[in-house]
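Working notes for the structure below.
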Amino acid sequence: MGNKNDANDAIAEASLRPTVRFIGIKTIEQQDIQSLQRIRELFVKQRTSTLNQARGLLAEYGEVCDKSPIKLMRAIPSILEHPDNELTSITRAFISRLYEHITHLNQQIDEVDTQLNALVSIKADYKRLISIPGIGPIIAATVLASVPDIHSFKNGRQFAAWIGLTPSQHASGDTNRLGKITKRGNNALRKLLIQGARTVLNWCEGKEDNQSKWLQKLKERLHSCKSAVA
């Protein structure tokens with residue numbers, strides 16, 4: 001409804017204002033879940049940034065490491081203990097500090113995950129959500145935290161429009177053009193759902209169920225990004 005860009009459409013919509021639907025207020029429990037998720041996102045960003053900085057600094061001293069975070073964390077202790085590399089005592093000290101900071105962030109992320117699981121795992125809606133292909137614990141918790149009442153939406157397409165996955169509409173008179181997805185609503189939820197969809201697309205080959213067959217045909221005729229959104 002918010003994609004109208006013509007003055008006449010705006011006036012017509014204003015005259016029918018009672019048809020506009022509003023999302024309910026979040027409960028305190030939903031606020032707790034969403035707050036924990038925001039904290040987790042912050043910790044993950046800090047961990048990624050610190051990993052990249054540690055990898056870059058090591059490369060400056062001739063120690064080129066794998067891009068995998070796990071392999072990098074495994075390599076750092078042996079690099080610090082190696083007596084014949086070009087790392088000075090100062091270099092070893094700040095690399096060791098970065099290593100400890102990453103380890104601490106990993107612990108913090110695990111603790112937040114434990115709290116999140118304790119909050120959402122007892123809910124019946126959570127169990128139904130994780131039964132959907134591509135939906136894991138993090139995405140299910142994000143849906144529960146973001147949507148006060150799923151019955152506020154008439155169907156799945158209305159929910160998709162709310163999080164910005166449907167095409168933007170440019171309409172005037174008899175002319176109606178559909179553009180790119182609007183990217184409105186909850187950015188984190190939209191990103192996670194698309195990532196889950198990409199996972200399902202990656203593993204649909206060779207399967208014979210109806211959904212996998214549909215996805216295989218979809219991948220043949222559409223770009224991977226459009227397939228994921230669909």
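Ordered as shown in the structure tokens, chains take letters A, B, and onward, while each chain numbers its residues from 1 and ligands are numbered from 1 in the order shown.
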**Study point:** Selection: 12 Å around Arg40 in chain A, only C-alpha atoms, excl. self and same-chain fewer than 3 positions, as number ranges by chain
**Key:** A: 33-37, 43-47, 105-116, 138, 142, 188
Produce a table with one row for each residue of range 85-173 of chain A that has an atom at most 12 Å from any atom of range 215-228 of chain A, each row naming the nearest atom pair and its distance in Å at one decimal; use only C-alpha atoms; arrange rows by chain and rising residue number; format as a tab-separated table.
residue	atom	partner	partner_atom	distance
A:Gly134	CA	A:Ala228	CA	10.9
A:Leu165	CA	A:Ala228	CA	10.2
A:Thr166	CA	A:Lys226	CA	10.9
A:Pro167	CA	A:Lys226	CA	10.9
Output N, CA and C atoms for every residue in the selection just made, as a PDB file, in the first residue's frame.
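This is the output file result-v5.pdb:
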ATOM      1  N   GLY A 134      15.104 -24.551   5.513  1.00  0.00           N
ATOM      2  CA  GLY A 134      15.853 -23.306   5.480  1.00  0.00           C
ATOM      3  C   GLY A 134      15.723 -22.463   6.737  1.00  0.00           C
ATOM      4  N   LEU A 165      10.091  -7.934   0.699  1.00  0.00           N
ATOM      5  CA  LEU A 165      10.506  -8.945  -0.287  1.00  0.00           C
ATOM      6  C   LEU A 165       9.678  -8.914  -1.571  1.00  0.00           C
ATOM      7  N   THR A 166       8.652  -8.078  -1.614  1.00  0.00           N
ATOM      8  CA  THR A 166       7.826  -7.994  -2.823  1.00  0.00           C
ATOM      9  C   THR A 166       8.274  -6.814  -3.679  1.00  0.00           C
ATOM     10  N   PRO A 167       7.992  -6.835  -4.985  1.00  0.00           N
ATOM     11  CA  PRO A 167       8.448  -5.747  -5.869  1.00  0.00           C
ATOM     12  C   PRO A 167       7.784  -4.412  -5.528  1.00  0.00           C
TER      13      PRO A 167
END
Practice item. May I have the residues within 12 Å of His82 in chain A as a PyMOL selection string, using only C-alpha atoms and disregarding those fewer than 6 positions away in the same chain? Key: chain A and resi 63+75-76+88-89+92
Would you save the residues from that selection as a short mmCIF file (atom, residue, chain, number, x, y, z; two decimals), in the first residue's frame, using N, CA, C and O atoms?
data_model
loop_
_atom_site.label_atom_id
_atom_site.label_comp_id
_atom_site.auth_asym_id
_atom_site.auth_seq_id
_atom_site.Cartn_x
_atom_site.Cartn_y
_atom_site.Cartn_z
N GLU A 63 53.19 -13.78 7.59
CA GLU A 63 52.43 -14.96 8.02
C GLU A 63 51.03 -14.91 7.38
O GLU A 63 50.11 -14.31 7.91
N ALA A 75 45.70 -21.49 13.76
CA ALA A 75 47.06 -21.18 13.32
C ALA A 75 47.76 -20.18 14.23
O ALA A 75 49.00 -20.21 14.35
N ILE A 76 47.02 -19.28 14.86
CA ILE A 76 47.64 -18.20 15.65
C ILE A 76 48.53 -18.72 16.78
O ILE A 76 49.66 -18.24 16.93
N THR A 88 58.06 -9.70 16.20
CA THR A 88 58.79 -9.17 17.34
C THR A 88 58.00 -9.44 18.62
O THR A 88 56.87 -9.92 18.58
N SER A 89 58.59 -9.09 19.74
CA SER A 89 57.89 -9.29 21.02
C SER A 89 56.63 -8.42 21.10
O SER A 89 55.60 -8.84 21.64
N ARG A 92 53.95 -10.10 18.85
CA ARG A 92 53.36 -11.27 19.53
C ARG A 92 52.38 -10.84 20.61
O ARG A 92 51.35 -11.49 20.84
#
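Here CA of Trp162 in chain A and CA of Leu129 in chain A stand 18.2 Å from one another.
Interatomic distance, CA of Gly206 in chain A against CA of Leu189 in chain A: 29.1 Å.
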Practice item. Could you tell me how far CA of Ile90 in chain A lies from CA of Ile70 in chain A, in Å and to one decimal? Key: 24.3 Å
Check your understanding: Hey, which of A:Thr50, A:Leu119, A:Phe94, A:Ile132 ends up closest to Ile28 in chain A? Count only C-alpha atoms.
Key -> A:Leu119
**Study point:** All alpha helix (DSSP H) residues (DSSP, backbone) inside range 11-162 of chain A, as a VMD selection string
**Key:** chain A and resid 11 to 15 28 to 60 69 to 81 89 to 120 124 to 129 137 to 146 156 to 162
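Of the residues in range 153-215 of chain A, those given strand (DSSP E) by DSSP on the backbone are Pro167, Ser168, Gln169, His170, Ala171, Ser172, Thr175, Asn176, Arg177, Leu178, Gly179, Lys180 and Ile181 of chain A.
Using only C-alpha atoms, the protein and nucleic acid residues lying no more than 7 Å from Ile163 in chain A, apart from those fewer than 6 places from it along its own chain, are Lys183, Arg184, Gly185, Asn186 and Arg190 of chain A.
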Got a sec: who's within 12 Å of Thr91 in chain A, counting only C-alpha atoms, leaving out chain neighbours fewer than 4 positions off, as a PDB file with all heavy atoms, in the first residue's frame?
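Just written: result23.pdb:
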ATOM      1  N   ALA A  54      43.415  -9.200  12.596  1.00  0.00           N
ATOM      2  CA  ALA A  54      44.489 -10.123  12.973  1.00  0.00           C
ATOM      3  C   ALA A  54      45.114 -10.769  11.741  1.00  0.00           C
ATOM      4  O   ALA A  54      46.347 -10.877  11.635  1.00  0.00           O
ATOM      5  CB  ALA A  54      43.941 -11.197  13.919  1.00  0.00           C
ATOM      6  N   LEU A  57      47.231  -8.074   9.891  1.00  0.00           N
ATOM      7  CA  LEU A  57      48.482  -7.750  10.579  1.00  0.00           C
ATOM      8  C   LEU A  57      49.501  -8.878  10.451  1.00  0.00           C
ATOM      9  O   LEU A  57      50.694  -8.632  10.258  1.00  0.00           O
ATOM     10  CB  LEU A  57      48.196  -7.453  12.054  1.00  0.00           C
ATOM     11  CG  LEU A  57      47.427  -6.155  12.335  1.00  0.00           C
ATOM     12  CD1 LEU A  57      47.044  -6.072  13.802  1.00  0.00           C
ATOM     13  CD2 LEU A  57      48.269  -4.948  11.938  1.00  0.00           C
ATOM     14  N   LEU A  58      49.042 -10.117  10.550  1.00  0.00           N
ATOM     15  CA  LEU A  58      49.948 -11.254  10.384  1.00  0.00           C
ATOM     16  C   LEU A  58      50.533 -11.292   8.984  1.00  0.00           C
ATOM     17  O   LEU A  58      51.708 -11.603   8.792  1.00  0.00           O
ATOM     18  CB  LEU A  58      49.210 -12.560  10.690  1.00  0.00           C
ATOM     19  CG  LEU A  58      48.932 -12.846  12.172  1.00  0.00           C
ATOM     20  CD1 LEU A  58      47.996 -14.045  12.313  1.00  0.00           C
ATOM     21  CD2 LEU A  58      50.236 -13.097  12.927  1.00  0.00           C
ATOM     22  N   ALA A  59      49.701 -10.953   7.983  1.00  0.00           N
ATOM     23  CA  ALA A  59      50.191 -10.940   6.601  1.00  0.00           C
ATOM     24  C   ALA A  59      51.281  -9.892   6.402  1.00  0.00           C
ATOM     25  O   ALA A  59      52.206 -10.077   5.602  1.00  0.00           O
ATOM     26  CB  ALA A  59      49.030 -10.679   5.642  1.00  0.00           C
ATOM     27  N   GLU A  60      51.196  -8.773   7.149  1.00  0.00           N
ATOM     28  CA  GLU A  60      52.226  -7.735   7.053  1.00  0.00           C
ATOM     29  C   GLU A  60      53.589  -8.245   7.527  1.00  0.00           C
ATOM     30  O   GLU A  60      54.626  -7.720   7.116  1.00  0.00           O
ATOM     31  CB  GLU A  60      51.819  -6.525   7.886  1.00  0.00           C
ATOM     32  CG  GLU A  60      50.612  -5.764   7.367  1.00  0.00           C
ATOM     33  CD  GLU A  60      50.906  -5.023   6.079  1.00  0.00           C
ATOM     34  OE1 GLU A  60      52.091  -4.740   5.818  1.00  0.00           O
ATOM     35  OE2 GLU A  60      49.952  -4.739   5.329  1.00  0.00           O
ATOM     36  N   TYR A  61      53.580  -9.255   8.366  1.00  0.00           N
ATOM     37  CA  TYR A  61      54.825  -9.830   8.885  1.00  0.00           C
ATOM     38  C   TYR A  61      55.176 -11.154   8.208  1.00  0.00           C
ATOM     39  O   TYR A  61      55.998 -11.914   8.711  1.00  0.00           O
ATOM     40  CB  TYR A  61      54.719 -10.034  10.401  1.00  0.00           C
ATOM     41  CG  TYR A  61      54.690  -8.744  11.179  1.00  0.00           C
ATOM     42  CD1 TYR A  61      53.492  -8.078  11.407  1.00  0.00           C
ATOM     43  CD2 TYR A  61      55.862  -8.167  11.674  1.00  0.00           C
ATOM     44  CE1 TYR A  61      53.453  -6.891  12.106  1.00  0.00           C
ATOM     45  CE2 TYR A  61      55.827  -6.977  12.379  1.00  0.00           C
ATOM     46  CZ  TYR A  61      54.624  -6.342  12.592  1.00  0.00           C
ATOM     47  OH  TYR A  61      54.601  -5.151  13.293  1.00  0.00           O
ATOM     48  N   GLU A  63      53.186 -13.777   7.593  1.00  0.00           N
ATOM     49  CA  GLU A  63      52.434 -14.962   8.023  1.00  0.00           C
ATOM     50  C   GLU A  63      51.033 -14.911   7.383  1.00  0.00           C
ATOM     51  O   GLU A  63      50.110 -14.311   7.914  1.00  0.00           O
ATOM     52  CB  GLU A  63      52.319 -15.007   9.543  1.00  0.00           C
ATOM     53  CG  GLU A  63      53.641 -15.139  10.267  1.00  0.00           C
ATOM     54  CD  GLU A  63      54.324 -16.473  10.014  1.00  0.00           C
ATOM     55  OE1 GLU A  63      53.611 -17.452   9.675  1.00  0.00           O
ATOM     56  OE2 GLU A  63      55.556 -16.542  10.148  1.00  0.00           O
ATOM     57  N   ILE A  79      51.815 -19.874  15.371  1.00  0.00           N
ATOM     58  CA  ILE A  79      52.583 -18.745  14.845  1.00  0.00           C
ATOM     59  C   ILE A  79      53.257 -17.985  15.987  1.00  0.00           C
ATOM     60  O   ILE A  79      54.424 -17.582  15.892  1.00  0.00           O
ATOM     61  CB  ILE A  79      51.663 -17.808  14.028  1.00  0.00           C
ATOM     62  CG1 ILE A  79      51.202 -18.507  12.751  1.00  0.00           C
ATOM     63  CG2 ILE A  79      52.382 -16.500  13.682  1.00  0.00           C
ATOM     64  CD1 ILE A  79      50.164 -17.727  11.956  1.00  0.00           C
ATOM     65  N   LEU A  80      52.527 -17.789  17.068  1.00  0.00           N
ATOM     66  CA  LEU A  80      53.095 -17.067  18.213  1.00  0.00           C
ATOM     67  C   LEU A  80      54.238 -17.840  18.864  1.00  0.00           C
ATOM     68  O   LEU A  80      55.188 -17.238  19.386  1.00  0.00           O
ATOM     69  CB  LEU A  80      51.995 -16.794  19.245  1.00  0.00           C
ATOM     70  CG  LEU A  80      50.881 -15.816  18.828  1.00  0.00           C
ATOM     71  CD1 LEU A  80      49.804 -15.738  19.902  1.00  0.00           C
ATOM     72  CD2 LEU A  80      51.457 -14.431  18.565  1.00  0.00           C
ATOM     73  N   ASN A  85      60.112 -16.941  13.047  1.00  0.00           N
ATOM     74  CA  ASN A  85      59.418 -16.014  12.146  1.00  0.00           C
ATOM     75  C   ASN A  85      59.818 -14.567  12.470  1.00  0.00           C
ATOM     76  O   ASN A  85      60.614 -14.306  13.382  1.00  0.00           O
ATOM     77  CB  ASN A  85      57.898 -16.201  12.226  1.00  0.00           C
ATOM     78  CG  ASN A  85      57.364 -16.085  13.642  1.00  0.00           C
ATOM     79  OD1 ASN A  85      57.904 -15.347  14.454  1.00  0.00           O
ATOM     80  ND2 ASN A  85      56.291 -16.802  13.937  1.00  0.00           N
ATOM     81  N   GLU A  86      59.242 -13.627  11.735  1.00  0.00           N
ATOM     82  CA  GLU A  86      59.644 -12.227  11.838  1.00  0.00           C
ATOM     83  C   GLU A  86      58.848 -11.437  12.879  1.00  0.00           C
ATOM     84  O   GLU A  86      58.959 -10.209  12.941  1.00  0.00           O
ATOM     85  CB  GLU A  86      59.487 -11.554  10.470  1.00  0.00           C
ATOM     86  CG  GLU A  86      60.370 -12.153   9.389  1.00  0.00           C
ATOM     87  CD  GLU A  86      60.213 -11.440   8.055  1.00  0.00           C
ATOM     88  OE1 GLU A  86      59.411 -10.473   7.995  1.00  0.00           O
ATOM     89  OE2 GLU A  86      60.883 -11.835   7.093  1.00  0.00           O
ATOM     90  N   LEU A  87      58.069 -12.110  13.689  1.00  0.00           N
ATOM     91  CA  LEU A  87      57.273 -11.431  14.697  1.00  0.00           C
ATOM     92  C   LEU A  87      58.147 -10.983  15.860  1.00  0.00           C
ATOM     93  O   LEU A  87      58.906 -11.776  16.437  1.00  0.00           O
ATOM     94  CB  LEU A  87      56.163 -12.342  15.221  1.00  0.00           C
ATOM     95  CG  LEU A  87      54.824 -12.322  14.465  1.00  0.00           C
ATOM     96  CD1 LEU A  87      55.004 -12.787  13.028  1.00  0.00           C
ATOM     97  CD2 LEU A  87      53.798 -13.171  15.179  1.00  0.00           C
ATOM     98  N   ILE A  95      49.090  -9.490  18.815  1.00  0.00           N
ATOM     99  CA  ILE A  95      48.375 -10.609  18.178  1.00  0.00           C
ATOM    100  C   ILE A  95      47.737 -11.496  19.242  1.00  0.00           C
ATOM    101  O   ILE A  95      46.600 -11.964  19.094  1.00  0.00           O
ATOM    102  CB  ILE A  95      49.324 -11.414  17.277  1.00  0.00           C
ATOM    103  CG1 ILE A  95      49.776 -10.587  16.069  1.00  0.00           C
ATOM    104  CG2 ILE A  95      48.641 -12.695  16.802  1.00  0.00           C
ATOM    105  CD1 ILE A  95      48.671 -10.172  15.131  1.00  0.00           C
ATOM    106  N   SER A  96      48.467 -11.694  20.332  1.00  0.00           N
ATOM    107  CA  SER A  96      47.929 -12.486  21.434  1.00  0.00           C
ATOM    108  C   SER A  96      46.718 -11.801  22.047  1.00  0.00           C
ATOM    109  O   SER A  96      45.720 -12.458  22.402  1.00  0.00           O
ATOM    110  CB  SER A  96      49.008 -12.695  22.500  1.00  0.00           C
ATOM    111  OG  SER A  96      48.505 -13.410  23.602  1.00  0.00           O
ATOM    112  N   ARG A  97      46.761 -10.464  22.129  1.00  0.00           N
ATOM    113  CA  ARG A  97      45.631  -9.715  22.668  1.00  0.00           C
ATOM    114  C   ARG A  97      44.402  -9.846  21.763  1.00  0.00           C
ATOM    115  O   ARG A  97      43.279 -10.017  22.238  1.00  0.00           O
ATOM    116  CB  ARG A  97      46.023  -8.250  22.823  1.00  0.00           C
ATOM    117  CG  ARG A  97      44.994  -7.417  23.609  1.00  0.00           C
ATOM    118  CD  ARG A  97      45.472  -5.988  23.837  1.00  0.00           C
ATOM    119  NE  ARG A  97      46.663  -5.954  24.668  1.00  0.00           N
ATOM    120  CZ  ARG A  97      47.875  -5.572  24.235  1.00  0.00           C
ATOM    121  NH1 ARG A  97      48.047  -5.190  22.976  1.00  0.00           N
ATOM    122  NH2 ARG A  97      48.892  -5.564  25.059  1.00  0.00           N
ATOM    123  N   LEU A  98      44.622  -9.779  20.459  1.00  0.00           N
ATOM    124  CA  LEU A  98      43.518  -9.949  19.515  1.00  0.00           C
ATOM    125  C   LEU A  98      42.936 -11.361  19.609  1.00  0.00           C
ATOM    126  O   LEU A  98      41.714 -11.549  19.549  1.00  0.00           O
ATOM    127  CB  LEU A  98      43.996  -9.673  18.084  1.00  0.00           C
ATOM    128  CG  LEU A  98      44.328  -8.219  17.735  1.00  0.00           C
ATOM    129  CD1 LEU A  98      44.905  -8.135  16.322  1.00  0.00           C
ATOM    130  CD2 LEU A  98      43.106  -7.335  17.857  1.00  0.00           C
TER     131      LEU A  98
END
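Using only C-alpha atoms for every distance, the candidate list A:Ile130, A:Met73, A:Ile139, A:Val147 yields A:Met73 as the residue closest to Thr103 in chain A.
By chain and then residue number, the residues within 12 Å of Pro133 in chain A are Arg128, Ile139, Ala140, Leu193, Gln195, Gly196, Ala197, Arg198, Thr199, Val200, Leu201, Asn202, Trp203, Cys204, Gln211 and Ser212 of chain A, counting only C-alpha atoms and disregarding those fewer than 5 positions away in sequence.
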The selected residues should be written to file as a compact mmCIF listing (two decimals), in the first residue's frame (atoms: N, CA, C and O atoms).
# COMPACT_ATOMS: atom_id res chain seq x y z
N ARG A 128 7.23 -25.23 15.16
CA ARG A 128 6.65 -25.26 13.81
C ARG A 128 7.56 -24.54 12.82
O ARG A 128 7.71 -24.98 11.67
N ILE A 139 16.79 -17.89 12.77
CA ILE A 139 15.71 -17.30 11.98
C ILE A 139 14.37 -17.44 12.70
O ILE A 139 13.56 -16.50 12.72
N ALA A 140 14.13 -18.60 13.30
CA ALA A 140 12.87 -18.81 14.02
C ALA A 140 12.74 -17.83 15.18
O ALA A 140 11.67 -17.24 15.40
N LEU A 193 16.13 -14.65 6.16
CA LEU A 193 15.24 -15.48 5.35
C LEU A 193 15.84 -15.74 3.97
O LEU A 193 15.73 -16.86 3.44
N GLN A 195 19.06 -15.78 3.28
CA GLN A 195 20.16 -16.72 3.49
C GLN A 195 19.65 -18.15 3.64
O GLN A 195 20.24 -19.09 3.10
N GLY A 196 18.54 -18.31 4.37
CA GLY A 196 17.94 -19.63 4.50
C GLY A 196 17.45 -20.16 3.17
O GLY A 196 17.59 -21.35 2.87
N ALA A 197 16.88 -19.27 2.35
CA ALA A 197 16.41 -19.68 1.02
C ALA A 197 17.58 -20.11 0.14
O ALA A 197 17.46 -21.08 -0.63
N ARG A 198 18.69 -19.41 0.23
CA ARG A 198 19.87 -19.80 -0.55
C ARG A 198 20.37 -21.19 -0.15
O ARG A 198 20.79 -21.98 -1.00
N THR A 199 20.28 -21.49 1.12
CA THR A 199 20.69 -22.82 1.60
C THR A 199 19.81 -23.90 0.99
O THR A 199 20.31 -24.94 0.53
N VAL A 200 18.50 -23.66 0.98
CA VAL A 200 17.57 -24.63 0.39
C VAL A 200 17.85 -24.80 -1.10
O VAL A 200 17.84 -25.92 -1.63
N LEU A 201 18.13 -23.69 -1.79
CA LEU A 201 18.44 -23.75 -3.22
C LEU A 201 19.71 -24.54 -3.49
O LEU A 201 19.80 -25.28 -4.47
N ASN A 202 20.68 -24.40 -2.62
CA ASN A 202 21.96 -25.09 -2.82
C ASN A 202 21.83 -26.61 -2.66
O ASN A 202 22.63 -27.36 -3.22
N TRP A 203 20.81 -27.05 -1.92
CA TRP A 203 20.68 -28.48 -1.62
C TRP A 203 19.46 -29.12 -2.26
O TRP A 203 19.04 -30.20 -1.86
N CYS A 204 18.88 -28.46 -3.26
CA CYS A 204 17.67 -29.02 -3.88
C CYS A 204 17.98 -29.96 -5.03
O CYS A 204 17.10 -30.70 -5.49
N GLN A 211 8.68 -29.66 -3.86
CA GLN A 211 9.34 -28.37 -3.63
C GLN A 211 10.70 -28.32 -4.33
O GLN A 211 11.04 -27.32 -4.97
N SER A 212 11.47 -29.39 -4.22
CA SER A 212 12.79 -29.41 -4.84
C SER A 212 12.69 -29.36 -6.36
O SER A 212 13.49 -28.69 -7.02
